[in-house]
Each structure stands twice: as C-alpha cells, then as structure tokens.
Amino acid sequence: MTFHWFLPTSGDGDQVGAATVTAGAARHTRAATVGYLTEVARAAEAGGFSALLTPVGSGCPDPWIVCAAVAQHTGRIGLLVAVRAGFALPTLVAQQAEAFQAVSGGRLALNVVTGGDPTEQRAYGDFLDHDARYARTGEFIEVLRRSWRGGPFDFAGEHYRVDGGGLASPLTDPPPVYLGGASPAAEAVAARQADAYLMWGEPPAAIATRVARVRARAAELGRTLRTGLRLHVIARHTAAEAWAEADRLRAGMSPERIAAAQARFGRMDSVGQARMTALHGGGSGRLAVATNLWAGIGLVREGAGTALVGSYAEVAARIDEYAHSGVDEFILSGWPHREEAERVGAEVLPRVTALPVAVSH
C-alpha cells in the first residue's frame, strides 16, 4: 500500500473547509503561504507519506506554481499535481511536466481532473457536457503520453489535433497519471488511459465492487490498473475521543454553510458527488454510514466527503479492509493538516498491516 496526504493550498484551520469554491467553506485561520504549506509537506514527509495531492479549481491557486515552490523546500515527497483537462493543451502540459520533473528531481505525478460542476466549467469557458468532457479527457491523456515519447507525431481526434508535435526528446521519467470519476464514462477512460483510478470513500463493499469492475475493464484491454481511495481521517487514542472530534467538526457547520454547499452540489452533474450526497441525503440525521465511516464531511465539502473515525487501531483496521477490497493507494487528510499528518503518520500508518481485517456489518 501507498499513502499520500493532502496539501491545503486554499488555506487551513481546525474546521472542515471546502477545497476550492466558497460555498460551504469555513473561515481559514492559517493562510496557505509557502512557509505553512512547507510545514505540512515536511510533516507528511516525516510521517511516511509518499506524495501530496493538491486541489484544482476556482477559489484555489494554480497547483503547478504552488507545488513547484513547495518542492524547493522538501527533499523526498512527491507532488500529485491536479490538472484540469481541457483548460490547457496537452502538448503544453507535457512541457510543464518536463520542466517540473527537472526542478523537482523527478517527483511529479498528475491527477487529471475532468470537472463536475457545469457552472464552474462555464465560468472557465468550457461548455461541454459530462460525457463529452470525459471523451476529451481520454484524448488529453493520449496526446500527453504521446508527447512525452518525443516528436514529431500527428494526432487527429474530436477534441485535439496535433501536427508534428511532441517534446524535442523523450521524457525519461514520465509521471504516473491518476484519474477519478464514478460514472461509466470515467471508468472507461481510466481503464484505457490511467495508471491509477481514484475513488472517494464509500462503504467497503461498494468500493470492492467498483475496483473489480474497473480492473476487469482494464484487463479486457490488456492493461493493469492501480486503484486509490480518497478519505479524511479522524483518529484518536480512543474511539470516544475520535467521535467527540467528529461532533466538534459537525458543530462548526452552520445551517447556512450546509445549505449553500448542498445547493451547489445539487446542480452538479458529477456522479461521484451524487454518490457522496446520497450517503447522508443532504441532512445530518444519519452520518455514520458504515463501520467507522462518517459522511459528515460531505455536508459542507465538495468531493471527498467521508472520514474514517475511530481509535488508531480501528482506523488502521478499516484501511486494511479497504486494502483487501483491492485498494492500492490511500490519499488521506484531516484538519489542521500539519498536526493531523503528524498524528496519522505516527499512530495510524504503523498499525495498518499489523492488524487482522475486521469485517464491516
């Protein structure tokens, strides 16, 4: 198993915050300066995490620039840079990746984001519908990989056309490509093009089904595919302490914040976001949706909306359970991100493979 952490490039604090837009966001009490983000990165690096995931979208700074800055103050940890497919030509992104590998010592991975909020997409100037965006993402990755092999090459697709493109020489260390999405269109692109397929946290049985399905699609194409799971973590010495922390976070979500966030989620065409919302139904009546799995985060935060809650041993057992369901990589986070990286790295990760798998009921 491989573990990654989240880099809060829009700000941090001790309350659940939105990763990008302002709907549902908590007030950030820690500015996302290069100095503070470096503290988070170094805490994750010391805690044994392999890479840092960044968000992309309105309300957060450009991840290429931020991650290039953080890379200069860290020595080992990778940077899982989010790139919105369709907002930059893949031939240009190929050059950006080449430069990033050079300045970071080969520590780049790419999370190709298709986008799930039509209002946000249109604000950027993108008017494609859901499935067309994923079709473009497939071409984007295809042209990106072809560019890394060196030129010249030609490409003629529905969304991209290249005449004599490609890097001047092959990229010796092309970064792995991560792709998320819960729709059939997303799974099809991941099976054909991605190195790792990312999911947001759902009950283990649902994740096992998705893992089996997307891997079967990849196998039909003669490919193997890693899978990853994006989760928040609320872990303490005892389960009671952890659930008390979850209660504290829930108490910090005002009805106004919840209403603003849920209104935004309701207009999205993201299948993954719809699955997150279905876990809690837009309210706070039943937030424990599986053993140690809490959907309260998703009341105000877009995207990954669930957290593993429990003692260090319980959270480690749940990670083991997901691993036995076929998950290879975990992208974790918690508020504040610096202290929680230290806590999870010191108390949860060392316990992960030491415990037998406990079955959820």
# chains A, B, ... in the order shown; residues from 1 in each chain; ligands from 1
call {"tool": "residues_around", "arguments": {"residues": "Ala263 (chain A)", "least_positions_apart": "4", "cutoff": "12 Å", "atoms": "only C-alpha atoms", "output": "list in words"}}
result
Ala23, Gly24, Asp117, Glu256, Arg257, Ile258, Ala259, Arg267, Met268, Thr277, Gly282, Leu299, Val300, Arg301 and Glu302 of chain A
call {"tool": "residues_around", "arguments": {"residues": "Val162 (chain A)", "least_positions_apart": "2", "cutoff": "12 Å", "atoms": "only C-alpha atoms", "output": "ChimeraX atom specification"}}
result
/A:89-92,139-140,142-144,146-147,151-160,164-166
call {"tool": "select_by_dssp", "arguments": {"residues": "region 122-210 of chain A", "states": "helix (DSSP H, G or I)", "output": "number ranges by chain"}}
result
A: 122-124, 130-148, 184-193, 204-210
call {"tool": "closest_residue", "arguments": {"among": "A:Leu79, A:Leu225, A:Leu171, A:Ala251", "to": "Leu53 (chain A)", "atoms": "only C-alpha atoms"}}
result
A:Leu79
call {"tool": "residues_around", "arguments": {"residues": "Ala182 (chain A)", "least_positions_apart": "4", "cutoff": "7 Å", "atoms": "only C-alpha atoms", "output": "PyMOL selection string"}}
result
chain A and resi 186-187+271-272
call {"tool": "closest_atom_pairs", "arguments": {"of": "region 38-91 of chain A", "to": "region 106-112 of chain A", "cutoff": "8 Å", "atoms": "only C-alpha atoms", "output": "JSON lines"}}
result
{"residue": "A:Arg76", "atom": "CA", "partner": "A:Arg107", "partner_atom": "CA", "distance": 7.6}
{"residue": "A:Ile77", "atom": "CA", "partner": "A:Arg107", "partner_atom": "CA", "distance": 7.1}
{"residue": "A:Gly78", "atom": "CA", "partner": "A:Arg107", "partner_atom": "CA", "distance": 4.5}
{"residue": "A:Leu79", "atom": "CA", "partner": "A:Leu108", "partner_atom": "CA", "distance": 5.2}
{"residue": "A:Leu80", "atom": "CA", "partner": "A:Ala109", "partner_atom": "CA", "distance": 4.6}
{"residue": "A:Val81", "atom": "CA", "partner": "A:Leu110", "partner_atom": "CA", "distance": 5.0}
{"residue": "A:Ala82", "atom": "CA", "partner": "A:Asn111", "partner_atom": "CA", "distance": 4.5}
{"residue": "A:Val83", "atom": "CA", "partner": "A:Val112", "partner_atom": "CA", "distance": 5.0}
{"residue": "A:Arg84", "atom": "CA", "partner": "A:Val112", "partner_atom": "CA", "distance": 6.0}
{"residue": "A:Ala85", "atom": "CA", "partner": "A:Val112", "partner_atom": "CA", "distance": 6.2}
call {"tool": "write_last_selection", "arguments": {"atoms": "N, CA and C atoms", "output": "PDB file, in the first residue's frame"}}
result
ATOM      1  N   ARG A  76      12.062  14.636  -0.478  1.00  0.00           N
ATOM      2  CA  ARG A  76      11.687  13.309  -0.959  1.00  0.00           C
ATOM      3  C   ARG A  76      10.249  13.227  -1.445  1.00  0.00           C
ATOM      4  N   ILE A  77       9.338  13.869  -0.768  1.00  0.00           N
ATOM      5  CA  ILE A  77       7.918  13.642  -1.014  1.00  0.00           C
ATOM      6  C   ILE A  77       7.516  14.078  -2.411  1.00  0.00           C
ATOM      7  N   GLY A  78       6.646  13.280  -3.049  1.00  0.00           N
ATOM      8  CA  GLY A  78       6.181  13.591  -4.385  1.00  0.00           C
ATOM      9  C   GLY A  78       5.087  14.642  -4.377  1.00  0.00           C
ATOM     10  N   LEU A  79       4.797  15.196  -5.532  1.00  0.00           N
ATOM     11  CA  LEU A  79       3.752  16.203  -5.695  1.00  0.00           C
ATOM     12  C   LEU A  79       2.741  15.673  -6.704  1.00  0.00           C
ATOM     13  N   LEU A  80       1.544  15.384  -6.225  1.00  0.00           N
ATOM     14  CA  LEU A  80       0.461  14.882  -7.070  1.00  0.00           C
ATOM     15  C   LEU A  80      -0.355  16.090  -7.526  1.00  0.00           C
ATOM     16  N   VAL A  81       0.065  16.662  -8.628  1.00  0.00           N
ATOM     17  CA  VAL A  81      -0.460  17.945  -9.107  1.00  0.00           C
ATOM     18  C   VAL A  81      -1.749  17.721  -9.890  1.00  0.00           C
ATOM     19  N   ALA A  82      -2.789  18.439  -9.507  1.00  0.00           N
ATOM     20  CA  ALA A  82      -4.065  18.344 -10.205  1.00  0.00           C
ATOM     21  C   ALA A  82      -4.044  19.223 -11.453  1.00  0.00           C
ATOM     22  N   VAL A  83      -4.504  18.646 -12.567  1.00  0.00           N
ATOM     23  CA  VAL A  83      -4.555  19.345 -13.851  1.00  0.00           C
ATOM     24  C   VAL A  83      -5.965  19.196 -14.408  1.00  0.00           C
ATOM     25  N   ARG A  84      -6.603  20.294 -14.733  1.00  0.00           N
ATOM     26  CA  ARG A  84      -7.957  20.241 -15.287  1.00  0.00           C
ATOM     27  C   ARG A  84      -7.872  20.021 -16.794  1.00  0.00           C
ATOM     28  N   ALA A  85      -8.273  18.832 -17.234  1.00  0.00           N
ATOM     29  CA  ALA A  85      -8.233  18.512 -18.661  1.00  0.00           C
ATOM     30  C   ALA A  85      -9.126  19.484 -19.433  1.00  0.00           C
TER      31      ALA A  85
END
call {"tool": "select_by_dssp", "arguments": {"residues": "region 22-252 of chain A", "states": "strand (DSSP E or B)", "output": "MDAnalysis selection string"}}
result
chainID A and resid 30 51:53 78:84 108:113 153:156 161:165 177:180 196:200 226:236
call {"tool": "atom_distance", "arguments": {"atom1": "CA of Ile207 (chain A)", "atom2": "CA of Leu287 (chain A)"}}
result
18.1 Å
